[in-house]
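**Q** Just one file: coords-v3.cif, with mmCIF, C-alpha atoms and all ligand atoms.
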data_entry
loop_
_atom_site.group_PDB
_atom_site.id
_atom_site.type_symbol
_atom_site.label_atom_id
_atom_site.label_comp_id
_atom_site.auth_asym_id
_atom_site.auth_seq_id
_atom_site.Cartn_x
_atom_site.Cartn_y
_atom_site.Cartn_z
ATOM 1 C CA MET C 11 84.711 114.019 106.833
ATOM 2 C CA ILE C 12 85.482 110.471 105.787
ATOM 3 C CA ALA C 13 81.998 110.160 104.363
ATOM 4 C CA ARG C 14 82.749 113.187 102.222
ATOM 5 C CA ILE C 15 85.932 111.587 100.829
ATOM 6 C CA MET C 16 84.136 108.354 100.162
ATOM 7 C CA SER C 17 81.159 109.901 98.467
ATOM 8 C CA ALA C 18 83.473 111.841 96.155
ATOM 9 C CA SER C 19 84.856 108.564 94.918
ATOM 10 C CA GLN C 20 85.034 107.768 91.238
ATOM 11 C CA TYR C 21 84.937 104.002 91.770
ATOM 12 C CA SER C 22 81.196 103.588 91.789
ATOM 13 C CA ALA C 23 81.257 99.854 91.074
ATOM 14 C CA THR C 24 83.799 98.793 93.710
ATOM 15 C CA PRO C 25 83.700 98.880 97.502
ATOM 16 C CA VAL C 26 85.771 102.022 97.706
ATOM 17 C CA PRO C 27 85.722 102.675 101.424
ATOM 18 C CA ALA C 28 87.342 99.326 102.197
ATOM 19 C CA MET C 29 89.848 99.697 99.377
ATOM 20 C CA VAL C 30 90.862 103.190 100.372
ATOM 21 C CA LEU C 31 91.113 102.219 104.030
ATOM 22 C CA ILE C 32 93.386 99.295 103.183
ATOM 23 C CA GLY C 33 95.320 101.512 100.815
ATOM 24 C CA VAL C 34 95.925 104.315 103.291
ATOM 25 C CA GLY C 35 97.295 101.839 105.824
ATOM 26 C CA HIS C 36 99.658 100.445 103.239
ATOM 27 C CA TYR C 37 100.691 103.896 102.107
ATOM 28 C CA ALA C 38 101.330 105.161 105.632
ATOM 29 C CA ALA C 39 103.416 102.085 106.419
ATOM 30 C CA HIS C 40 105.450 101.796 103.224
ATOM 31 C CA CYS C 41 105.276 104.904 101.047
ATOM 32 C CA ALA C 42 105.022 108.009 103.229
ATOM 33 C CA VAL C 43 108.597 107.584 104.483
ATOM 34 C CA CYS C 44 109.817 108.489 101.007
ATOM 35 C CA HIS C 45 106.921 110.358 99.406
ATOM 36 C CA GLY C 46 105.461 112.105 102.437
ATOM 37 C CA ALA C 47 101.702 112.575 102.863
ATOM 38 C CA PRO C 48 99.390 115.487 103.681
ATOM 39 C CA GLY C 49 100.891 116.969 106.852
ATOM 40 C CA VAL C 50 103.635 114.311 106.919
ATOM 41 C CA PRO C 51 107.064 115.392 105.669
ATOM 42 C CA LYS C 52 109.290 112.956 103.805
ATOM 43 C CA GLY C 53 111.298 110.745 106.145
ATOM 44 C CA ASP C 54 115.088 110.463 106.325
ATOM 45 C CA ILE C 55 115.260 107.863 103.560
ATOM 46 C CA GLY C 56 113.174 109.939 101.184
ATOM 47 C CA ARG C 57 115.158 113.105 101.808
ATOM 48 C CA GLY C 58 118.439 111.409 100.942
ATOM 49 C CA LEU C 59 117.420 110.036 97.552
ATOM 50 C CA TYR C 60 118.369 111.346 94.141
ATOM 51 C CA PRO C 61 116.276 111.466 92.015
ATOM 52 C CA PRO C 62 113.985 112.589 94.847
ATOM 53 C CA PRO C 63 110.630 110.887 95.465
ATOM 54 C CA PRO C 64 107.954 113.079 93.862
ATOM 55 C CA ASP C 65 105.085 114.584 95.822
ATOM 56 C CA LEU C 66 102.371 112.163 94.718
ATOM 57 C CA ALA C 67 99.646 114.670 95.560
ATOM 58 C CA LYS C 68 101.021 116.619 92.608
ATOM 59 C CA THR C 69 102.022 113.849 90.213
ATOM 60 C CA ALA C 70 99.460 111.054 90.750
ATOM 61 C CA ALA C 71 97.059 112.740 88.364
ATOM 62 C CA LEU C 72 99.572 112.295 85.530
ATOM 63 C CA TYR C 73 98.946 108.542 85.535
ATOM 64 C CA ASN C 74 95.889 106.372 85.101
ATOM 65 C CA PRO C 75 95.200 103.598 87.656
ATOM 66 C CA ALA C 76 96.776 100.872 85.503
ATOM 67 C CA GLU C 77 99.963 102.916 85.150
ATOM 68 C CA LEU C 78 100.093 103.613 88.888
ATOM 69 C CA PHE C 79 99.612 99.918 89.573
ATOM 70 C CA TRP C 80 102.457 99.021 87.191
ATOM 71 C CA ILE C 81 104.813 101.572 88.761
ATOM 72 C CA VAL C 82 104.058 100.405 92.281
ATOM 73 C CA LYS C 83 104.277 96.715 91.425
ATOM 74 C CA HIS C 84 107.492 96.909 89.392
ATOM 75 C CA GLY C 85 109.248 99.968 90.780
ATOM 76 C CA ILE C 86 111.299 102.380 88.677
ATOM 77 C CA LYS C 87 114.687 101.013 87.789
ATOM 78 C CA MET C 88 117.839 102.987 88.565
ATOM 79 C CA THR C 89 115.952 104.999 91.196
ATOM 80 C CA GLY C 90 115.001 104.566 94.834
ATOM 81 C CA MET C 91 111.448 103.566 93.876
ATOM 82 C CA PRO C 92 111.190 99.921 94.962
ATOM 83 C CA ALA C 93 109.130 97.167 93.345
ATOM 84 C CA TRP C 94 106.325 96.012 95.644
ATOM 85 C CA SER C 95 105.635 92.772 93.795
ATOM 86 C CA ASP C 96 105.921 90.799 97.040
ATOM 87 C CA HIS C 97 102.634 92.403 98.096
ATOM 88 C CA SER C 98 99.314 91.065 96.850
ATOM 89 C CA ASP C 99 97.694 92.649 93.818
ATOM 90 C CA GLU C 100 94.639 93.416 95.976
ATOM 91 C CA GLU C 101 96.801 95.383 98.368
ATOM 92 C CA LEU C 102 98.539 97.217 95.540
ATOM 93 C CA TRP C 103 95.217 98.127 93.887
ATOM 94 C CA ALA C 104 94.034 99.420 97.258
ATOM 95 C CA THR C 105 97.182 101.527 97.506
ATOM 96 C CA VAL C 106 96.527 102.874 94.006
ATOM 97 C CA ALA C 107 92.933 103.692 94.986
ATOM 98 C CA PHE C 108 94.296 105.721 97.888
ATOM 99 C CA VAL C 109 97.048 107.422 95.829
ATOM 100 C CA GLU C 110 94.396 108.551 93.368
ATOM 101 C CA LYS C 111 92.692 110.400 96.236
ATOM 102 C CA LEU C 112 95.881 112.212 97.274
ATOM 103 C CA PRO C 113 95.607 115.267 95.002
ATOM 104 C CA GLY C 114 93.816 117.913 97.036
ATOM 105 C CA MET C 115 93.594 115.784 100.189
ATOM 106 C CA SER C 116 93.900 117.896 103.326
ATOM 107 C CA GLU C 117 96.000 117.042 106.330
ATOM 108 C CA GLN C 118 92.776 116.518 108.299
ATOM 109 C CA ASP C 119 91.318 114.181 105.697
ATOM 110 C CA TYR C 120 94.514 112.140 105.647
ATOM 111 C CA GLU C 121 94.634 111.923 109.416
ATOM 112 C CA ALA C 122 90.985 110.862 109.554
ATOM 113 C CA LEU C 123 91.615 108.165 106.969
ATOM 114 C CA VAL C 124 94.656 106.841 108.842
ATOM 115 C CA ILE C 125 92.640 106.687 112.059
ATOM 116 C CA ALA C 126 89.729 104.993 110.275
ATOM 117 C CA SER C 127 92.168 102.524 108.745
ATOM 118 C CA MET C 128 93.509 101.626 112.179
ATOM 119 C CA ALA C 129 89.957 101.215 113.468
ATOM 120 C CA HIS C 130 89.331 99.013 110.432
ATOM 121 C CA GLY C 131 91.992 96.593 111.632
ATOM 122 C CA GLY C 132 95.139 98.497 110.791
ATOM 123 C CA HIS C 133 97.846 97.575 108.386
ATOM 124 C CA HIS C 134 98.832 93.951 108.177
ATOM 125 C CA HIS C 135 99.699 91.357 105.627
ATOM 126 C CA ALA C 136 100.325 87.697 105.830
ATOM 127 C CA ASP C 137 103.112 87.352 103.336
ATOM 128 C CA THR C 138 105.796 89.899 104.179
ATOM 129 C CA ILE C 139 108.657 90.212 106.596
ATOM 130 C CA HIS C 140 107.897 92.658 109.361
ATOM 131 C CA ASP C 141 111.306 93.215 110.826
ATOM 132 C CA ASP C 142 113.165 94.006 107.633
ATOM 133 C CA PRO C 143 115.218 97.101 108.581
ATOM 134 C CA THR C 144 115.027 98.456 105.027
ATOM 135 C CA GLN C 145 111.239 98.709 105.264
ATOM 136 C CA PRO C 146 109.755 101.916 106.621
ATOM 137 C CA ASN C 147 108.381 101.516 110.107
ATOM 138 C CA SER C 148 104.672 102.202 110.305
ATOM 139 C CA ASP C 149 104.913 103.477 113.866
ATOM 140 C CA HIS C 150 107.300 106.147 112.696
ATOM 141 C CA THR C 151 104.825 107.376 110.129
ATOM 142 C CA LEU C 152 101.670 107.141 112.182
ATOM 143 C CA SER C 153 102.758 108.475 115.562
ATOM 144 C CA ARG C 154 103.921 111.886 114.576
HETATM 145 C C1 LIG A 1 112.756 104.176 99.274
HETATM 146 C C2 LIG A 1 111.945 105.306 98.841
HETATM 147 C C3 LIG A 1 110.600 105.043 98.192
HETATM 148 C C4 LIG A 1 109.552 104.322 98.700
HETATM 149 C C5 LIG A 1 109.493 103.576 100.028
HETATM 150 C C6 LIG A 1 108.476 104.441 97.751
HETATM 151 N N1 LIG A 1 108.861 105.208 96.692
HETATM 152 FE FE1 LIG A 1 107.732 105.707 95.077
HETATM 153 N N2 LIG A 1 109.281 106.697 94.265
HETATM 154 C C7 LIG A 1 110.525 106.873 94.851
HETATM 155 C C8 LIG A 1 111.383 107.640 93.960
HETATM 156 C C9 LIG A 1 112.834 108.032 94.221
HETATM 157 C C10 LIG A 1 110.610 107.932 92.813
HETATM 158 C C11 LIG A 1 111.025 108.746 91.598
HETATM 159 C C12 LIG A 1 111.694 107.886 90.555
HETATM 160 C C13 LIG A 1 112.007 108.682 89.323
HETATM 161 O O1 LIG A 1 112.559 109.774 89.435
HETATM 162 O O2 LIG A 1 111.659 108.217 88.234
HETATM 163 C C14 LIG A 1 109.299 107.321 93.053
HETATM 164 C C15 LIG A 1 108.250 107.376 92.141
HETATM 165 C C16 LIG A 1 106.979 106.914 92.401
HETATM 166 C C17 LIG A 1 105.854 107.087 91.501
HETATM 167 C C18 LIG A 1 105.881 107.806 90.160
HETATM 168 C C19 LIG A 1 105.579 109.265 90.459
HETATM 169 C C20 LIG A 1 105.965 110.228 89.377
HETATM 170 O O3 LIG A 1 105.747 111.423 89.594
HETATM 171 O O4 LIG A 1 106.498 109.835 88.339
HETATM 172 C C21 LIG A 1 104.766 106.545 92.117
HETATM 173 C C22 LIG A 1 103.339 106.489 91.601
HETATM 174 C C23 LIG A 1 105.217 106.018 93.381
HETATM 175 N N3 LIG A 1 106.566 106.246 93.513
HETATM 176 C C24 LIG A 1 104.398 105.403 94.304
HETATM 177 C C25 LIG A 1 104.854 104.809 95.479
HETATM 178 C C26 LIG A 1 104.010 104.052 96.367
HETATM 179 C C27 LIG A 1 102.520 103.856 96.212
HETATM 180 C C28 LIG A 1 104.814 103.589 97.356
HETATM 181 C C29 LIG A 1 104.449 102.676 98.507
HETATM 182 C C30 LIG A 1 103.927 101.352 98.132
HETATM 183 C C31 LIG A 1 106.155 104.085 97.101
HETATM 184 N N4 LIG A 1 106.136 104.817 95.951
HETATM 185 C C32 LIG A 1 107.240 103.861 97.919
HETATM 186 C C33 LIG A 1 110.913 106.400 96.083
HETATM 187 C C34 LIG A 1 110.160 105.601 96.917
#
What would you get if you wrote out this structure as C-alpha cells?

**A**
Amino acid sequence: MIARIMSASQYSATPVPAMVLIGVGHYAAHCAVCHGAPGVPKGDIGRGLYPPPPDLAKTAALYNPAELFWIVKHGIKMTGMPAWSDHSDEELWATVAFVEKLPGMSEQDYEALVIASMAHGGHHHADTIHDDPTQPNSDHTLSR
C-alpha cells in the first residue's frame, strides 16, 4: 500500500519516501488537530475557529508547492493558521510533500503512512518546545 503511494509520486528527483514519511509525522502532530486528515476529524481547536480550517484534501490542489510552503512557513494573518517558521525548511518542505499527496488519500493509506512514519523514527525535532500547551499533542492525533 505504501509502495503504491510512493510509486505514484511526482517528485522523481528527490527521495520522496523519506520526505513524505517525515511530512506525515509533522502533519499528524501539528496540522491534523485543525485540518483533520483522512479518517481523522478536526480536533477541538479546529472546530472552534472562524474562518474554519479548510479540508486540505480538497484545497491543496489549488496551490503549487512553493505557495504551500509559503503559507505553512508564514501562516495566514488574521486567521487561526499559524506561521511555522520556527520549524526547519526541510521539515516544512516534507510537510508540503505530504500535503500534496492528501487529495484522494484513503483512510487506510493515511494510517499506513502514519505507522510507517513511526517505524521510521517518529516525529521529532531538535529546535522546538515540546510542552507548549498551544501546540497540538501528537498522541491525541495518532492514538484514535
Ligand atoms: C490552529 C489551527 C491550525 C493549525 C494547527 C494549522 N492550520 Fe492551516 N489553516 C488554519 C485556518 C483557520 C486556515 C484558513 C485561513 C483562511 O481562511 O484563510 C488554514 C489554512 C491553511 C492552508 C491554506 C488552505 C486553503 O484552502 O486556502 C494550508 C495549505 C494550511 N493551512 C496548511 C497547514 C499545515 C501544513 C499545517 C501544519 C503544519 C497547518 N495548516 C496547521 C488553521 C490551522

**Q** Return as a PDB file with C-alpha atoms, keeping the file's coordinate frame the residues of protein, DNA or RNA that approach ligand LIG 1 (chain A) to within 9 Å, with all atoms listed in the file taken into account.

**A**
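Full text of result-v7.pdb as output:
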ATOM      1  CA  GLY C  33      95.320 101.512 100.815  1.00  0.00           C
ATOM      2  CA  HIS C  36      99.658 100.445 103.239  1.00  0.00           C
ATOM      3  CA  TYR C  37     100.691 103.896 102.107  1.00  0.00           C
ATOM      4  CA  ALA C  38     101.330 105.161 105.632  1.00  0.00           C
ATOM      5  CA  ALA C  39     103.416 102.085 106.419  1.00  0.00           C
ATOM      6  CA  HIS C  40     105.450 101.796 103.224  1.00  0.00           C
ATOM      7  CA  CYS C  41     105.276 104.904 101.047  1.00  0.00           C
ATOM      8  CA  ALA C  42     105.022 108.009 103.229  1.00  0.00           C
ATOM      9  CA  VAL C  43     108.597 107.584 104.483  1.00  0.00           C
ATOM     10  CA  CYS C  44     109.817 108.489 101.007  1.00  0.00           C
ATOM     11  CA  HIS C  45     106.921 110.358  99.406  1.00  0.00           C
ATOM     12  CA  ILE C  55     115.260 107.863 103.560  1.00  0.00           C
ATOM     13  CA  GLY C  56     113.174 109.939 101.184  1.00  0.00           C
ATOM     14  CA  ARG C  57     115.158 113.105 101.808  1.00  0.00           C
ATOM     15  CA  LEU C  59     117.420 110.036  97.552  1.00  0.00           C
ATOM     16  CA  TYR C  60     118.369 111.346  94.141  1.00  0.00           C
ATOM     17  CA  PRO C  61     116.276 111.466  92.015  1.00  0.00           C
ATOM     18  CA  PRO C  62     113.985 112.589  94.847  1.00  0.00           C
ATOM     19  CA  PRO C  63     110.630 110.887  95.465  1.00  0.00           C
ATOM     20  CA  PRO C  64     107.954 113.079  93.862  1.00  0.00           C
ATOM     21  CA  ASP C  65     105.085 114.584  95.822  1.00  0.00           C
ATOM     22  CA  LEU C  66     102.371 112.163  94.718  1.00  0.00           C
ATOM     23  CA  LYS C  68     101.021 116.619  92.608  1.00  0.00           C
ATOM     24  CA  THR C  69     102.022 113.849  90.213  1.00  0.00           C
ATOM     25  CA  ALA C  70      99.460 111.054  90.750  1.00  0.00           C
ATOM     26  CA  ALA C  71      97.059 112.740  88.364  1.00  0.00           C
ATOM     27  CA  LEU C  72      99.572 112.295  85.530  1.00  0.00           C
ATOM     28  CA  TYR C  73      98.946 108.542  85.535  1.00  0.00           C
ATOM     29  CA  GLU C  77      99.963 102.916  85.150  1.00  0.00           C
ATOM     30  CA  LEU C  78     100.093 103.613  88.888  1.00  0.00           C
ATOM     31  CA  PHE C  79      99.612  99.918  89.573  1.00  0.00           C
ATOM     32  CA  TRP C  80     102.457  99.021  87.191  1.00  0.00           C
ATOM     33  CA  ILE C  81     104.813 101.572  88.761  1.00  0.00           C
ATOM     34  CA  VAL C  82     104.058 100.405  92.281  1.00  0.00           C
ATOM     35  CA  LYS C  83     104.277  96.715  91.425  1.00  0.00           C
ATOM     36  CA  GLY C  85     109.248  99.968  90.780  1.00  0.00           C
ATOM     37  CA  ILE C  86     111.299 102.380  88.677  1.00  0.00           C
ATOM     38  CA  LYS C  87     114.687 101.013  87.789  1.00  0.00           C
ATOM     39  CA  MET C  88     117.839 102.987  88.565  1.00  0.00           C
ATOM     40  CA  THR C  89     115.952 104.999  91.196  1.00  0.00           C
ATOM     41  CA  GLY C  90     115.001 104.566  94.834  1.00  0.00           C
ATOM     42  CA  MET C  91     111.448 103.566  93.876  1.00  0.00           C
ATOM     43  CA  PRO C  92     111.190  99.921  94.962  1.00  0.00           C
ATOM     44  CA  ALA C  93     109.130  97.167  93.345  1.00  0.00           C
ATOM     45  CA  TRP C  94     106.325  96.012  95.644  1.00  0.00           C
ATOM     46  CA  LEU C 102      98.539  97.217  95.540  1.00  0.00           C
ATOM     47  CA  THR C 105      97.182 101.527  97.506  1.00  0.00           C
ATOM     48  CA  VAL C 106      96.527 102.874  94.006  1.00  0.00           C
ATOM     49  CA  PHE C 108      94.296 105.721  97.888  1.00  0.00           C
ATOM     50  CA  VAL C 109      97.048 107.422  95.829  1.00  0.00           C
ATOM     51  CA  THR C 144     115.027  98.456 105.027  1.00  0.00           C
ATOM     52  CA  GLN C 145     111.239  98.709 105.264  1.00  0.00           C
ATOM     53  CA  PRO C 146     109.755 101.916 106.621  1.00  0.00           C
TER      54      PRO C 146
END

**Q** I need the residue set behind the PyMOL selection byres (((chain C and resi 125-128) around 9) and not hetatm) for this file; please write it as a list of chain:residue names.

**A** C:Ile12, C:Ala28, C:Val30, C:Leu31, C:Ile32, C:Gly33, C:Val34, C:Gly35, C:Tyr120, C:Glu121, C:Ala122, C:Leu123, C:Val124, C:Ala129, C:His130, C:Gly131, C:Gly132, C:His133

**Q** What is the distance, in Å and to one decimal place, between atom CA of Ala104 of chain C and atom CA of Gly58 of chain C?

**A**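 Atom CA of Gly58 of chain C lies at a distance of 27.4 Å from atom CA of Ala104 of chain C.
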
**Q** By how many Å are atom CA of Asp96 of chain C and atom CA of Gly46 of chain C apart?

**A** 22.0 Å

**Q** Taking all atoms of segment 99-116 of chain C that appear in the file, build a box with edges along x, y and z, extend it by 3 Å on every side, and state its centre and edge lengths in Å to one decimal, as AutoDock Vina command-line options.

**A**
--center_x 95.6 --center_y 105.3 --center_z 98.3 --size_x 11.8 --size_y 31.3 --size_z 16.0

**Q** Any idea what the distance is between atom CA of Lys52 of chain C and atom CA of Ala67 of chain C?

**A**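 Value for the atom CA of Lys52 of chain C-atom CA of Ala67 of chain C distance: 12.8 Å.
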
**Q** May I ask which of the residues C:Glu100, C:Ser95, C:Glu110, C:Ala47 is the closest one to Met29 of chain C, counting only C-alpha atoms?

**A** C:Glu100
